[in-house]
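**Student:** Attaching a single structure in structure tokens format; questions to follow.
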Amino acid sequence: MQRETNILNLESVDSTNTYAADHFDSLGDGVLVVAETQTSGHGRLGRKWHSPRGNIYASFVMKELFGEPFHATMVSSLAVLSVLNDLVPGHGAYIKWPNDIFIGDRKLSGVLCEGVLRAGTLAGIICGIGVNVNLPEEELNRIGQPATSLLAQTKCKINLKIFAEKLAVYLNWYYIIGINDRERLFSLWKRENRIIGRHVMLQPPNGAVYEALVRDISEDGKLQIEEANGTLHEFACGDVKLLPGQTGA
């Protein structure tokens, strides 16, 4: 099974996810929408995504459904890591559950997957991907959380056209893997998480904060944690912070 890599380059949009959703019916399966800048970029829980020029702002159109939106998140995050492996060997990046890519304790990339409904039925998924590529330190300091960029890490600028082209190739590659072998996709994704066996602070969208040990990630993407008193919990989403100290047994 092969897919032709297709990139739609735009100068400025409100957000690539919004553009892809508005043009979903006319865009082909596997198309990557890329914009130089966004005026209303957003992440999880409606958070604003700072979108100056010099970064990757992209949305990947997935019309062949093979699972929940979680599977689309796996496709996107693995694709970003693969581009980093090609362009910045030894980058040290990892997936921080549920959908971010970090270097050390700083965020490099975020993924936001949103469903597209037609007549009340899920017709496809749009995967929004933001990567801090050529963002200088002064711009990083404007972000409301610890963040980094490839420029800050390497002191070298990355060619955005090459990055986008590689991203489109890897997105389609992992898309195909997911369609044909979900278990393999999950195994590849889980391997890139560094959260299992770590103590974390977890803030669910609603409710109390947990300090707990991560025991595992279920096949549907839920984080399985254990409190100090032995109580087990399972979460589909939430903000996670890795805590210093020993890993669990």
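Scheme for the structure tokens: letters A, B, ... for chains in order shown; per-chain residue numbers from 1; ligand numbers from 1 in order shown.
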Sort by chain and increasing residue number a table of all residues of region 32-142 of chain A within 12 Å of region 223-246 of chain A, each with its closest pair of atoms and their distance in Å to one decimal, counting only C-alpha atoms, and write it as a tab-separated table.
**Tutor:**
```
residue	atom	partner	partner_atom	distance
A:Arg44	CA	A:Gly238	CA	9.8
A:Leu45	CA	A:Gly238	CA	9.9
A:Glu68	CA	A:Ala236	CA	11.8
A:Pro69	CA	A:Ala236	CA	11.5
A:Phe70	CA	A:Ala236	CA	9.3
A:Ile95	CA	A:Val240	CA	11.6
A:Lys96	CA	A:Val240	CA	7.8
A:Trp97	CA	A:Val240	CA	7.2
A:Pro98	CA	A:Cys237	CA	6.5
A:Asn99	CA	A:Cys237	CA	9.3
A:Asp100	CA	A:Asp239	CA	10.1
A:Phe102	CA	A:Lys241	CA	11.2
A:Gly104	CA	A:Leu242	CA	10.2
A:Asp105	CA	A:Leu242	CA	8.3
A:Arg106	CA	A:Lys241	CA	10.7
A:Lys107	CA	A:Lys241	CA	11.4
```
**Student:** Give me the region 107-208 of chain A side of the contact with region 84-91 of chain A, cut-off 12 Å, one line per residue showing its nearest atom pair and distance in Å at one decimal, counting only C-alpha atoms, sorted by chain and residue number, as JSON lines.
**Tutor:**
```
{"residue": "A:Leu108", "atom": "CA", "partner": "A:Leu84", "partner_atom": "CA", "distance": 10.8}
{"residue": "A:Ser109", "atom": "CA", "partner": "A:Leu84", "partner_atom": "CA", "distance": 11.1}
{"residue": "A:Val131", "atom": "CA", "partner": "A:Leu84", "partner_atom": "CA", "distance": 10.5}
{"residue": "A:Asn132", "atom": "CA", "partner": "A:Leu84", "partner_atom": "CA", "distance": 11.7}
{"residue": "A:Val133", "atom": "CA", "partner": "A:Leu84", "partner_atom": "CA", "distance": 10.3}
{"residue": "A:Thr148", "atom": "CA", "partner": "A:His91", "partner_atom": "CA", "distance": 11.9}
{"residue": "A:Ser149", "atom": "CA", "partner": "A:His91", "partner_atom": "CA", "distance": 10.9}
{"residue": "A:Leu150", "atom": "CA", "partner": "A:Val88", "partner_atom": "CA", "distance": 8.1}
{"residue": "A:Leu151", "atom": "CA", "partner": "A:Val88", "partner_atom": "CA", "distance": 10.5}
{"residue": "A:Ala152", "atom": "CA", "partner": "A:His91", "partner_atom": "CA", "distance": 11.6}
{"residue": "A:Gln153", "atom": "CA", "partner": "A:His91", "partner_atom": "CA", "distance": 8.1}
{"residue": "A:Thr154", "atom": "CA", "partner": "A:Val88", "partner_atom": "CA", "distance": 8.0}
{"residue": "A:Lys155", "atom": "CA", "partner": "A:Val88", "partner_atom": "CA", "distance": 11.4}
{"residue": "A:Cys156", "atom": "CA", "partner": "A:Val88", "partner_atom": "CA", "distance": 10.1}
{"residue": "A:Lys157", "atom": "CA", "partner": "A:Leu87", "partner_atom": "CA", "distance": 10.9}
{"residue": "A:Ile158", "atom": "CA", "partner": "A:Leu87", "partner_atom": "CA", "distance": 8.1}
{"residue": "A:Asn159", "atom": "CA", "partner": "A:Leu87", "partner_atom": "CA", "distance": 9.6}
{"residue": "A:Leu160", "atom": "CA", "partner": "A:Leu87", "partner_atom": "CA", "distance": 11.0}
{"residue": "A:Ile162", "atom": "CA", "partner": "A:Leu87", "partner_atom": "CA", "distance": 9.2}
{"residue": "A:Phe163", "atom": "CA", "partner": "A:Leu87", "partner_atom": "CA", "distance": 8.0}
{"residue": "A:Ala164", "atom": "CA", "partner": "A:Leu84", "partner_atom": "CA", "distance": 11.5}
{"residue": "A:Glu165", "atom": "CA", "partner": "A:Leu87", "partner_atom": "CA", "distance": 11.9}
{"residue": "A:Lys166", "atom": "CA", "partner": "A:Asp86", "partner_atom": "CA", "distance": 8.7}
{"residue": "A:Leu167", "atom": "CA", "partner": "A:Leu84", "partner_atom": "CA", "distance": 9.5}
{"residue": "A:Tyr170", "atom": "CA", "partner": "A:Asp86", "partner_atom": "CA", "distance": 10.9}
```
**Student:** Could I get the residues of region 1-105 of chain A with an atom no further than 12 Å from an atom of region 179-191 of chain A, each paired with its nearest atom pair and that distance in Å to one decimal, using only C-alpha atoms, sorted by chain and residue number, as a Markdown table?
**Tutor:**
```
| residue | atom | partner | partner_atom | distance |
| --- | --- | --- | --- | --- |
| A:Met1 | CA | A:Asn180 | CA | 9.4 |
| A:Gln2 | CA | A:Ile179 | CA | 11.9 |
| A:Met62 | CA | A:Ile179 | CA | 10.8 |
| A:Lys63 | CA | A:Ile179 | CA | 11.1 |
| A:Glu64 | CA | A:Ile179 | CA | 7.9 |
| A:Leu65 | CA | A:Ile179 | CA | 7.8 |
| A:Phe66 | CA | A:Ile179 | CA | 5.6 |
| A:Gly67 | CA | A:Arg182 | CA | 8.3 |
| A:Glu68 | CA | A:Arg182 | CA | 11.0 |
| A:Phe70 | CA | A:Phe186 | CA | 9.9 |
| A:His71 | CA | A:Phe186 | CA | 7.9 |
| A:Ala72 | CA | A:Leu185 | CA | 10.2 |
| A:Thr73 | CA | A:Trp189 | CA | 9.4 |
| A:Met74 | CA | A:Trp189 | CA | 6.0 |
| A:Val75 | CA | A:Leu185 | CA | 7.7 |
| A:Ser76 | CA | A:Trp189 | CA | 10.0 |
| A:Ser77 | CA | A:Trp189 | CA | 7.9 |
| A:Leu78 | CA | A:Trp189 | CA | 6.4 |
| A:Ala79 | CA | A:Trp189 | CA | 10.1 |
| A:Val80 | CA | A:Trp189 | CA | 11.6 |
| A:Leu81 | CA | A:Trp189 | CA | 10.1 |
| A:Ser82 | CA | A:Leu188 | CA | 11.3 |
| A:Tyr94 | CA | A:Arg191 | CA | 9.5 |
| A:Ile95 | CA | A:Trp189 | CA | 8.1 |
| A:Lys96 | CA | A:Lys190 | CA | 10.2 |
| A:Trp97 | CA | A:Lys190 | CA | 9.4 |
| A:Pro98 | CA | A:Lys190 | CA | 10.6 |
| A:Asn99 | CA | A:Trp189 | CA | 10.6 |
| A:Ile101 | CA | A:Trp189 | CA | 11.8 |
```
**Student:** One decimal, Å: what's the distance from CA of Gly128 (chain A) over to CA of Ile195 (chain A), could you say?
**Tutor:** 23.0 Å
**Student:** I need the residues of region 6-248 of chain A that end up classed as alpha helix (DSSP H) by DSSP on the backbone, written out as an NGL selection string.
**Tutor:** :A and (16-22 or 69-87 or 137-140 or 150-154 or 160-180 or 182-191)
**Student:** Pick out each residue of region 17-249 of chain A that DSSP on the backbone tags as strand (DSSP E); I need them as a ChimeraX atom specification.
**Tutor:** /A:31-38,56-62,93-96,100-103,106-118,121-131,199-203,210-217,223-226,232-235,239-242
**Student:** Counting only C-alpha atoms, what is within 8 Å of Gly115 (chain A), bar same-chain residues fewer than 4 positions away, as a list in words?
**Tutor:**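 With the cut-off at 8 Å, the set is Pro69, Leu122, Ala123, Gly124, Ile125 and Ile126 of chain A.
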**Student:** Put those residues in a file: all heavy atoms, as a compact mmCIF listing (two decimals), in the first residue's frame.
**Tutor:**
```txt
# COMPACT_ATOMS: atom_id res chain seq x y z
N PRO A 69 -9.13 8.70 18.07
CA PRO A 69 -8.19 9.80 17.84
C PRO A 69 -6.82 9.57 18.48
O PRO A 69 -5.81 10.10 17.99
CB PRO A 69 -8.91 11.00 18.47
CG PRO A 69 -10.36 10.68 18.29
CD PRO A 69 -10.46 9.20 18.49
N LEU A 122 -18.39 10.33 12.79
CA LEU A 122 -16.98 10.68 12.62
C LEU A 122 -16.52 10.32 11.22
O LEU A 122 -16.51 9.16 10.82
CB LEU A 122 -16.13 9.94 13.66
CG LEU A 122 -14.65 10.33 13.73
CD1 LEU A 122 -14.47 11.78 14.18
CD2 LEU A 122 -13.90 9.39 14.67
N ALA A 123 -16.14 11.35 10.45
CA ALA A 123 -15.73 11.14 9.06
C ALA A 123 -14.22 11.11 8.89
O ALA A 123 -13.70 10.63 7.88
CB ALA A 123 -16.30 12.24 8.17
N GLY A 124 -13.50 11.61 9.86
CA GLY A 124 -12.04 11.64 9.77
C GLY A 124 -11.45 12.37 10.95
O GLY A 124 -12.15 12.85 11.84
N ILE A 125 -10.13 12.44 10.95
CA ILE A 125 -9.40 13.09 12.04
C ILE A 125 -8.36 14.02 11.44
O ILE A 125 -7.69 13.68 10.44
CB ILE A 125 -8.71 12.04 12.94
CG1 ILE A 125 -9.77 11.15 13.60
CG2 ILE A 125 -7.85 12.73 14.01
CD1 ILE A 125 -9.20 9.96 14.34
N ILE A 126 -8.23 15.18 12.03
CA ILE A 126 -7.20 16.14 11.63
C ILE A 126 -6.19 16.23 12.76
O ILE A 126 -6.55 16.51 13.91
CB ILE A 126 -7.82 17.51 11.34
CG1 ILE A 126 -8.74 17.43 10.12
CG2 ILE A 126 -6.74 18.57 11.13
CD1 ILE A 126 -9.60 18.64 9.91
```
**Student:** What's the 12 Å shell around region 5-10 of chain A, counting only C-alpha atoms, without same-chain residues fewer than 6 positions away, as a PyMOL selection string?
**Tutor:** chain A and resi 16+19-20+23+27-38+56-61+160-173+175
**Student:** Please, could you write that set of residues out with N, CA, C and O atoms as a compact mmCIF listing (two decimals), in the first residue's frame?
**Tutor:**
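See selection-v4.txt below for the written result:
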```txt
# COMPACT_ATOMS: atom_id res chain seq x y z
N THR A 16 -4.08 25.89 11.22
CA THR A 16 -4.09 24.86 10.18
C THR A 16 -5.19 23.83 10.45
O THR A 16 -5.78 23.29 9.50
N TYR A 19 -8.40 25.39 9.18
CA TYR A 19 -8.39 25.38 7.71
C TYR A 19 -8.68 23.98 7.20
O TYR A 19 -9.51 23.79 6.29
N ALA A 20 -8.01 22.97 7.75
CA ALA A 20 -8.21 21.60 7.28
C ALA A 20 -9.63 21.13 7.55
O ALA A 20 -10.22 20.41 6.73
N HIS A 23 -11.99 22.75 5.00
CA HIS A 23 -11.80 22.26 3.63
C HIS A 23 -11.68 20.73 3.59
O HIS A 23 -11.15 20.18 2.62
N LEU A 27 -10.06 18.26 0.56
CA LEU A 27 -8.67 17.84 0.75
C LEU A 27 -8.58 16.32 0.64
O LEU A 27 -9.45 15.59 1.10
N GLY A 28 -7.50 15.84 0.06
CA GLY A 28 -7.29 14.41 -0.08
C GLY A 28 -6.83 13.76 1.21
O GLY A 28 -6.28 14.41 2.10
N ASP A 29 -7.05 12.46 1.30
CA ASP A 29 -6.57 11.69 2.44
C ASP A 29 -5.04 11.72 2.46
O ASP A 29 -4.39 11.48 1.44
N GLY A 30 -4.46 12.03 3.61
CA GLY A 30 -3.01 12.06 3.73
C GLY A 30 -2.37 13.38 3.34
O GLY A 30 -1.14 13.48 3.28
N VAL A 31 -3.17 14.41 3.10
CA VAL A 31 -2.63 15.73 2.77
C VAL A 31 -2.11 16.40 4.05
O VAL A 31 -2.72 16.28 5.12
N LEU A 32 -1.00 17.08 3.94
CA LEU A 32 -0.44 17.85 5.05
C LEU A 32 -0.57 19.33 4.72
O LEU A 32 -0.01 19.82 3.74
N VAL A 33 -1.35 20.04 5.53
CA VAL A 33 -1.52 21.49 5.38
C VAL A 33 -0.46 22.17 6.25
O VAL A 33 -0.38 21.91 7.45
N VAL A 34 0.36 23.04 5.63
CA VAL A 34 1.45 23.71 6.35
C VAL A 34 1.30 25.21 6.18
O VAL A 34 1.06 25.70 5.07
N ALA A 35 1.43 25.96 7.26
CA ALA A 35 1.35 27.42 7.22
C ALA A 35 2.62 28.03 7.81
O ALA A 35 3.21 27.47 8.73
N GLU A 36 3.01 29.20 7.27
CA GLU A 36 4.18 29.89 7.81
C GLU A 36 3.89 30.48 9.18
O GLU A 36 4.78 30.56 10.02
N THR A 37 2.65 30.90 9.39
CA THR A 37 2.27 31.45 10.69
C THR A 37 0.78 31.25 10.89
O THR A 37 0.02 31.01 9.94
N GLN A 38 0.35 31.31 12.16
CA GLN A 38 -1.06 31.19 12.51
C GLN A 38 -1.46 32.41 13.35
O GLN A 38 -0.68 32.88 14.17
N ILE A 56 7.19 25.02 12.54
CA ILE A 56 6.30 24.17 11.77
C ILE A 56 4.90 24.23 12.38
O ILE A 56 4.72 23.95 13.57
N TYR A 57 3.94 24.65 11.56
CA TYR A 57 2.53 24.62 11.93
C TYR A 57 1.84 23.81 10.84
O TYR A 57 1.79 24.24 9.68
N ALA A 58 1.34 22.65 11.20
CA ALA A 58 0.84 21.74 10.16
C ALA A 58 -0.35 20.95 10.67
O ALA A 58 -0.51 20.75 11.88
N SER A 59 -1.16 20.48 9.73
CA SER A 59 -2.29 19.60 10.05
C SER A 59 -2.36 18.50 9.01
O SER A 59 -2.31 18.76 7.81
N PHE A 60 -2.49 17.27 9.50
CA PHE A 60 -2.50 16.08 8.66
C PHE A 60 -3.92 15.54 8.59
O PHE A 60 -4.57 15.33 9.62
N VAL A 61 -4.40 15.31 7.38
CA VAL A 61 -5.77 14.86 7.15
C VAL A 61 -5.80 13.34 7.08
O VAL A 61 -5.14 12.73 6.24
N LEU A 160 13.02 24.69 6.89
CA LEU A 160 11.62 24.33 7.17
C LEU A 160 10.99 23.54 6.03
O LEU A 160 10.14 22.68 6.27
N LYS A 161 11.39 23.82 4.81
CA LYS A 161 10.84 23.08 3.66
C LYS A 161 11.23 21.60 3.75
O LYS A 161 10.39 20.71 3.55
N ILE A 162 12.48 21.34 4.08
CA ILE A 162 12.93 19.95 4.22
C ILE A 162 12.22 19.29 5.39
O ILE A 162 11.80 18.13 5.31
N PHE A 163 12.07 20.02 6.50
CA PHE A 163 11.39 19.47 7.66
C PHE A 163 9.97 19.06 7.30
O PHE A 163 9.51 17.95 7.62
N ALA A 164 9.24 19.96 6.61
CA ALA A 164 7.85 19.68 6.24
C ALA A 164 7.75 18.50 5.29
O ALA A 164 6.85 17.67 5.40
N GLU A 165 8.68 18.42 4.33
CA GLU A 165 8.65 17.31 3.37
C GLU A 165 8.88 15.98 4.08
O GLU A 165 8.19 14.98 3.80
N LYS A 166 9.84 15.94 4.99
CA LYS A 166 10.09 14.71 5.74
C LYS A 166 8.90 14.37 6.64
O LYS A 166 8.52 13.20 6.78
N LEU A 167 8.32 15.40 7.24
CA LEU A 167 7.18 15.17 8.11
C LEU A 167 6.02 14.54 7.34
O LEU A 167 5.38 13.59 7.82
N ALA A 168 5.76 15.02 6.14
CA ALA A 168 4.69 14.46 5.32
C ALA A 168 4.95 12.98 4.99
O ALA A 168 4.03 12.15 5.03
N VAL A 169 6.20 12.66 4.68
CA VAL A 169 6.55 11.28 4.36
C VAL A 169 6.33 10.37 5.56
O VAL A 169 5.70 9.31 5.46
N TYR A 170 6.82 10.79 6.73
CA TYR A 170 6.71 9.94 7.93
C TYR A 170 5.27 9.84 8.44
O TYR A 170 4.86 8.79 8.95
N LEU A 171 4.52 10.92 8.31
CA LEU A 171 3.11 10.85 8.70
C LEU A 171 2.38 9.78 7.89
O LEU A 171 1.63 8.96 8.44
N ASN A 172 2.59 9.79 6.60
CA ASN A 172 1.94 8.77 5.76
C ASN A 172 2.47 7.38 6.06
O ASN A 172 1.73 6.40 6.01
N TRP A 173 3.75 7.29 6.38
CA TRP A 173 4.35 5.99 6.72
C TRP A 173 3.69 5.39 7.97
O TRP A 173 3.24 4.24 7.97
N TYR A 175 0.86 6.32 9.28
CA TYR A 175 -0.56 6.17 8.96
C TYR A 175 -0.81 4.78 8.37
O TYR A 175 -1.73 4.05 8.77
```
**Student:** Between CA of Ile196 (chain A) and CA of Glu114 (chain A), what distance in Å does the model show, to one decimal?
**Tutor:** 26.1 Å
